[in-house]
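Note sheet for the following structure.
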Amino acid sequence: MIPTLRGPVSDAVLGRLRGGTLGEIPVADPYGDDLQLALYCCYELHYRGYPGVDPELEWDPDLLRVRRSLEQAFLARLRADVEPGADVAAEVDALLVEPVGPQVRGVSHHLQRCGTLEQLREYVTHRSVYHLKEADPQAWVIPRLSGAAKAGLVTVEHDEYGSGRPERMHSRLFAEMMAELGLSTQYGALVDSVPAETLAEVNLMSLCGLHRSLRGASVGQFAMVELTSSPGSERLVRAMRRLGCGPAAIRFYDEHVEADAVHEQVVRRGVLDPLLAEEPELAADVVFGIRASLHLGERLGERLLGAWERGESSLRQAPESVERGPVECGGEA
Amino acid sequence: MAEPTRITLTEEGPALVSGPVELELPDGTRVRSDRAVTAVCHCRRSKRYPICDASHRRKERQG
């Protein structure tokens with residue numbers, strides 16, 4: 001479904017999707033809802049598109065022109081906010097240190113300790129924007145790599161896509177979790193519910209995936225996710241067990257504890273090492289990809305934790321609850 | 001001749017084994033992994049032993 005506009009820029013892009021003309025667009029906040037939704041819709045044409053929207057609009061010069069100006073604003077803001085660096089090994093080492101203790105601030109830490117079922121459902125709603133197309137944004141980078149780095153990246157992607165078994169695709173496991181939590185599994189159905197912070201994370205993936213010049217950043221973004229997700233997934237498994245969630249809900253993050261412990265190793269040895277051996281000049285972009293995704297992840301984390309601390313929802317609008325799956329969650333422990 | 005099975009021993013953590021594997025534990029129980037690469041725990045800290053769960057990572061106490 002086509003999302004609802006969030007300002008003049010997204011209004012202009014959505015108008016073009018409906019067959020209208022696209023003139024000059026106003027300047028918008030690079031992290032704001034209007035720009036991020038407009039960019040998200042431009043990118044969606046490269047994934048599944050929208051029902052009733054001409055698929056050829058993917059290569060519409062007007063949309064590409066607007067997309068480029070939105071990307072440049074977003075990228076300029078990220079470059080300004082993220083400290084540059086080129087020491088990939090130091091960056092990776094830092095990611096592999098796991099902060100522990102009751103004071104660690106993080107969404108998965110909060111959910112494990114005392115999150116409510118409603119907060120868990122909100123978290124899954126935010127994550128659905130990516131996970132229902134899990135691994136797709138990074139697939140764009142495959143033809144932009146060569147040799148060992150390409151083979152390593154495909155090894156991880158193959159696992160994300162279920163190693164040839166559709167029933168094991170991570171996007172499918174995610175949808176099964178959503179169904180069990182009573183959320184709509186329809187692709188794109190929850191986009192209107194999530195704020196700019198959520199869209200920005202996925203937009204960074206699409207931006208880096210679709211630009212060959214940003215292939216180093218794409219690999220950095222991919223590495224950040226694969227290196228940090230295993231411990232976070234374990235905390236979410238514990239949150240779900242504490243909240244009495246059913247087996248399909250637990251299975252997604254349970255699978256990621258083991259899968260990402262392997263992916264971490266493959267990304268470091270099989271992707272980063274050979275990529276930097278072959279193209280050492282990409283080191284700064286890899287670091288940019290890692291830091292930019294960390295930066296956007298922290299912004300999203302603060303959005304969630306801030307809202308929850310105020311006793312509010314972290315979503316723009318609560319999605320309609322669909323009929324619960326066969327196993328009901330048991331509420332707060 | 002068949003290709004030998006490559007097992008990569010990492011410095012800090014697991015042994016990486018290619019292909020589907022079945023691990024037999026001392027008590028006779030078998031654990032199967034169908035992944036393209038399986039990380040077998042070598043440090044014994046995994047809560048999912050014999051499969052690595054990244055528990056070998058250095059932990060830093062905060063607060």
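A note on labels: chains of the structure tokens are A, B, ... as shown, every chain counts residues from 1, and ligands are counted from 1 in their shown order.
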Quiz item: Residues of chain A within 7 Å of chain B, using only C-alpha atoms, as number ranges by chain?
Solution: A: 96-101, 103-104, 230, 257-258, 261-262
Self-check item: Glu160 in chain A environment, 9 Å, only C-alpha atoms, sequence neighbours closer than 4 positions dropped, as number ranges by chain
Solution: A: 134-135, 155-156, 168-171, 259
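Our summary of the geometry notes that CA of Ser206 in chain A is positioned 15.0 Å from CA of Ser69 in chain A.
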Quiz item: Can you list, as an MDAnalysis selection string, every residue of range 173-313 of chain A that DSSP puts in helix (DSSP H, G or I)?
Solution: chainID A and resid 173:180 191:193 196:210 212:242 247:278 280:309
How about saving the chosen residues, C-alpha atoms kept, as a short mmCIF file (atom, residue, chain, number, x, y, z; two decimals), in the first residue's frame?
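This is the output file part_17.cif:
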```
data_model
loop_
_atom_site.label_atom_id
_atom_site.label_comp_id
_atom_site.auth_asym_id
_atom_site.auth_seq_id
_atom_site.Cartn_x
_atom_site.Cartn_y
_atom_site.Cartn_z
CA LEU A 173 10.57 -16.15 10.28
CA PHE A 174 10.06 -12.47 11.07
CA ALA A 175 6.57 -12.49 9.53
CA GLU A 176 5.68 -15.58 11.58
CA MET A 177 6.80 -13.76 14.71
CA MET A 178 4.68 -10.74 13.76
CA ALA A 179 1.63 -12.93 13.22
CA GLU A 180 2.07 -14.50 16.62
CA VAL A 191 5.31 2.01 7.30
CA ASP A 192 2.78 4.69 8.30
CA SER A 193 3.25 3.68 11.93
CA ALA A 196 11.63 9.06 10.54
CA GLU A 197 14.28 7.49 12.80
CA THR A 198 13.15 4.01 11.70
CA LEU A 199 12.94 4.89 8.02
CA ALA A 200 16.39 6.52 8.14
CA GLU A 201 18.06 3.24 9.16
CA VAL A 202 16.57 1.39 6.19
CA ASN A 203 17.18 4.34 3.86
CA LEU A 204 20.88 4.25 4.75
CA MET A 205 20.96 0.58 3.70
CA SER A 206 19.25 1.32 0.38
CA LEU A 207 21.38 4.41 -0.24
CA CYS A 208 24.64 2.50 0.27
CA GLY A 209 23.38 -0.54 -1.63
CA LEU A 210 22.22 1.38 -4.70
CA ARG A 212 28.46 1.64 -6.23
CA SER A 213 30.51 4.57 -4.89
CA LEU A 214 29.22 3.70 -1.41
CA ARG A 215 29.95 -0.05 -1.57
CA GLY A 216 32.48 0.26 1.25
CA ALA A 217 29.82 1.92 3.42
CA SER A 218 27.34 -0.82 2.50
CA VAL A 219 29.78 -3.48 3.69
CA GLY A 220 30.43 -1.42 6.85
CA GLN A 221 26.71 -1.17 7.57
CA PHE A 222 26.29 -4.91 6.98
CA ALA A 223 29.25 -5.66 9.27
CA MET A 224 27.84 -3.47 12.04
CA VAL A 225 24.58 -5.40 12.04
CA GLU A 226 26.18 -8.84 11.86
CA LEU A 227 28.79 -8.06 14.52
CA THR A 228 26.40 -6.66 17.10
CA SER A 229 23.21 -8.64 16.65
CA SER A 230 23.98 -11.93 18.41
CA PRO A 231 24.02 -10.64 22.04
CA GLY A 232 21.06 -8.34 21.33
CA SER A 233 19.10 -11.27 19.92
CA GLU A 234 19.80 -13.27 23.10
CA ARG A 235 18.36 -10.41 25.18
CA LEU A 236 15.23 -10.37 23.00
CA VAL A 237 14.81 -14.13 23.40
CA ARG A 238 14.91 -13.61 27.17
CA ALA A 239 12.44 -10.72 26.94
CA MET A 240 10.02 -12.89 24.99
CA ARG A 241 10.37 -15.84 27.34
CA ARG A 242 9.73 -13.52 30.30
CA PRO A 247 7.43 -20.36 19.83
CA ALA A 248 7.20 -18.55 16.48
CA ALA A 249 7.94 -15.23 18.19
CA ILE A 250 10.94 -16.63 20.03
CA ARG A 251 12.27 -18.51 17.01
CA PHE A 252 13.30 -15.45 14.98
CA TYR A 253 15.69 -14.00 17.56
CA ASP A 254 16.71 -17.45 18.76
CA GLU A 255 17.85 -18.26 15.21
CA HIS A 256 19.83 -14.99 15.13
CA VAL A 257 21.84 -15.78 18.27
CA GLU A 258 23.55 -18.69 16.49
CA ALA A 259 23.34 -17.38 12.94
CA ASP A 260 24.97 -14.06 13.77
CA ALA A 261 27.69 -15.67 15.89
CA VAL A 262 28.72 -17.36 12.62
CA HIS A 263 28.04 -14.30 10.45
CA GLU A 264 30.32 -12.22 12.67
CA GLN A 265 33.20 -14.58 11.86
CA VAL A 266 32.42 -14.77 8.15
CA VAL A 267 32.01 -10.99 7.81
CA ARG A 268 35.35 -10.31 9.50
CA ARG A 269 37.45 -13.04 7.88
CA GLY A 270 35.55 -13.61 4.66
CA VAL A 271 34.37 -10.11 3.73
CA LEU A 272 36.23 -7.27 5.48
CA ASP A 273 39.73 -8.79 5.34
CA PRO A 274 39.70 -9.67 1.61
CA LEU A 275 37.84 -6.47 0.65
CA LEU A 276 40.43 -4.27 2.36
CA ALA A 277 43.30 -6.36 1.00
CA GLU A 278 42.00 -5.78 -2.51
CA PRO A 280 42.44 -0.64 0.89
CA GLU A 281 41.19 2.79 -0.15
CA LEU A 282 37.68 1.72 0.91
CA ALA A 283 38.66 1.65 4.62
CA ALA A 284 37.28 5.15 5.33
CA ASP A 285 33.96 4.26 3.71
CA VAL A 286 33.71 1.02 5.69
CA VAL A 287 34.24 3.00 8.90
CA PHE A 288 31.68 5.56 7.71
CA GLY A 289 29.16 2.76 7.10
CA ILE A 290 29.75 1.34 10.59
CA ARG A 291 29.55 4.72 12.35
CA ALA A 292 26.61 6.04 10.33
CA SER A 293 24.54 2.95 11.12
CA LEU A 294 25.56 3.12 14.80
CA HIS A 295 24.57 6.81 14.81
CA LEU A 296 21.15 6.14 13.28
CA GLY A 297 20.68 3.13 15.57
CA GLU A 298 21.31 5.33 18.61
CA ARG A 299 18.82 7.92 17.36
CA LEU A 300 16.17 5.25 16.93
CA GLY A 301 17.03 3.73 20.33
CA GLU A 302 16.59 7.13 22.00
CA ARG A 303 13.27 7.62 20.23
CA LEU A 304 12.00 4.33 21.68
CA LEU A 305 13.46 4.66 25.19
CA GLY A 306 12.51 8.35 25.43
CA ALA A 307 8.90 7.63 24.51
CA TRP A 308 8.69 4.69 26.90
CA GLU A 309 10.18 6.71 29.75
#
```
Using DSSP on the backbone coordinates, identify all residues within chain B classified as strand (DSSP E or B); present the result as a short mmCIF file (atom, residue, chain, number, x, y, z; two decimals) with N, CA, C and O atoms, in the first residue's frame.
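The result, stored in selection.cif:
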```cif
data_model
loop_
_atom_site.label_atom_id
_atom_site.label_comp_id
_atom_site.auth_asym_id
_atom_site.auth_seq_id
_atom_site.Cartn_x
_atom_site.Cartn_y
_atom_site.Cartn_z
N ILE B 7 38.61 -26.81 8.68
CA ILE B 7 38.17 -26.30 9.98
C ILE B 7 39.07 -25.13 10.34
O ILE B 7 40.29 -25.29 10.45
N THR B 8 38.48 -23.95 10.48
CA THR B 8 39.27 -22.76 10.79
C THR B 8 39.23 -22.52 12.30
O THR B 8 38.15 -22.31 12.87
N LEU B 9 40.39 -22.57 12.92
CA LEU B 9 40.46 -22.31 14.35
C LEU B 9 40.70 -20.83 14.56
O LEU B 9 41.70 -20.28 14.09
N ALA B 15 35.66 -22.67 16.50
CA ALA B 15 36.22 -23.29 15.30
C ALA B 15 35.14 -23.23 14.23
O ALA B 15 33.97 -23.54 14.50
N LEU B 16 35.52 -22.81 13.03
CA LEU B 16 34.54 -22.67 11.94
C LEU B 16 34.62 -23.90 11.04
O LEU B 16 35.69 -24.21 10.51
N VAL B 17 33.50 -24.58 10.89
CA VAL B 17 33.45 -25.80 10.09
C VAL B 17 32.50 -25.58 8.93
O VAL B 17 31.39 -25.09 9.12
N SER B 18 32.95 -25.93 7.72
CA SER B 18 32.10 -25.77 6.54
C SER B 18 31.14 -26.93 6.39
O SER B 18 31.47 -28.06 6.73
N VAL B 21 26.95 -30.21 9.60
CA VAL B 21 27.74 -31.05 10.50
C VAL B 21 26.85 -31.65 11.57
O VAL B 21 25.79 -31.13 11.89
N GLU B 22 27.31 -32.78 12.10
CA GLU B 22 26.65 -33.38 13.25
C GLU B 22 27.72 -33.51 14.32
O GLU B 22 28.78 -34.08 14.07
N LEU B 23 27.47 -32.93 15.48
CA LEU B 23 28.44 -32.96 16.57
C LEU B 23 27.96 -33.96 17.61
O LEU B 23 26.80 -33.92 18.02
N GLU B 24 28.87 -34.85 18.00
CA GLU B 24 28.49 -35.83 19.03
C GLU B 24 29.16 -35.43 20.34
O GLU B 24 30.37 -35.22 20.39
N ARG B 30 23.57 -35.94 19.99
CA ARG B 30 24.07 -35.38 18.74
C ARG B 30 23.38 -34.07 18.44
O ARG B 30 22.17 -33.94 18.62
N VAL B 31 24.17 -33.11 17.99
CA VAL B 31 23.64 -31.80 17.63
C VAL B 31 23.93 -31.59 16.15
O VAL B 31 25.06 -31.72 15.71
N ARG B 32 22.87 -31.27 15.41
CA ARG B 32 23.02 -31.13 13.97
C ARG B 32 22.96 -29.65 13.58
O ARG B 32 22.18 -28.89 14.15
N SER B 33 23.79 -29.24 12.64
CA SER B 33 23.71 -27.87 12.12
C SER B 33 23.77 -27.93 10.60
O SER B 33 24.67 -28.53 10.03
N VAL B 37 28.25 -22.57 7.20
CA VAL B 37 29.37 -22.54 8.13
C VAL B 37 28.80 -22.66 9.54
O VAL B 37 27.82 -21.99 9.86
N THR B 38 29.39 -23.53 10.34
CA THR B 38 28.96 -23.66 11.73
C THR B 38 30.11 -23.22 12.64
O THR B 38 31.26 -23.57 12.40
N ALA B 39 29.79 -22.42 13.65
CA ALA B 39 30.79 -21.98 14.63
C ALA B 39 30.67 -22.90 15.85
O ALA B 39 29.67 -22.86 16.56
N VAL B 40 31.69 -23.75 16.03
CA VAL B 40 31.68 -24.70 17.14
C VAL B 40 32.41 -24.07 18.32
O VAL B 40 33.57 -23.65 18.19
N ILE B 51 27.42 -25.18 20.18
CA ILE B 51 27.32 -24.14 19.15
C ILE B 51 27.69 -22.79 19.78
O ILE B 51 27.20 -22.45 20.86
N LYS B 59 33.76 -8.62 27.88
CA LYS B 59 32.65 -7.86 28.47
C LYS B 59 33.21 -6.69 29.26
O LYS B 59 34.27 -6.80 29.87
N GLU B 60 32.51 -5.58 29.17
CA GLU B 60 32.96 -4.40 29.88
C GLU B 60 31.82 -3.92 30.76
O GLU B 60 30.73 -3.61 30.26
N ARG B 61 32.05 -3.91 32.05
CA ARG B 61 30.99 -3.53 32.97
C ARG B 61 30.76 -2.02 32.93
O ARG B 61 31.70 -1.24 32.96
#
```
Self-check item: Nearest-residue call for Thr29 in chain B, choices B:Glu12, B:Tyr49, B:Cys43, B:Pro4, using only C-alpha atoms
Solution: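 Comparing B:Glu12, B:Tyr49, B:Cys43, B:Pro4 against Thr29 in chain B, the winner is B:Tyr49.
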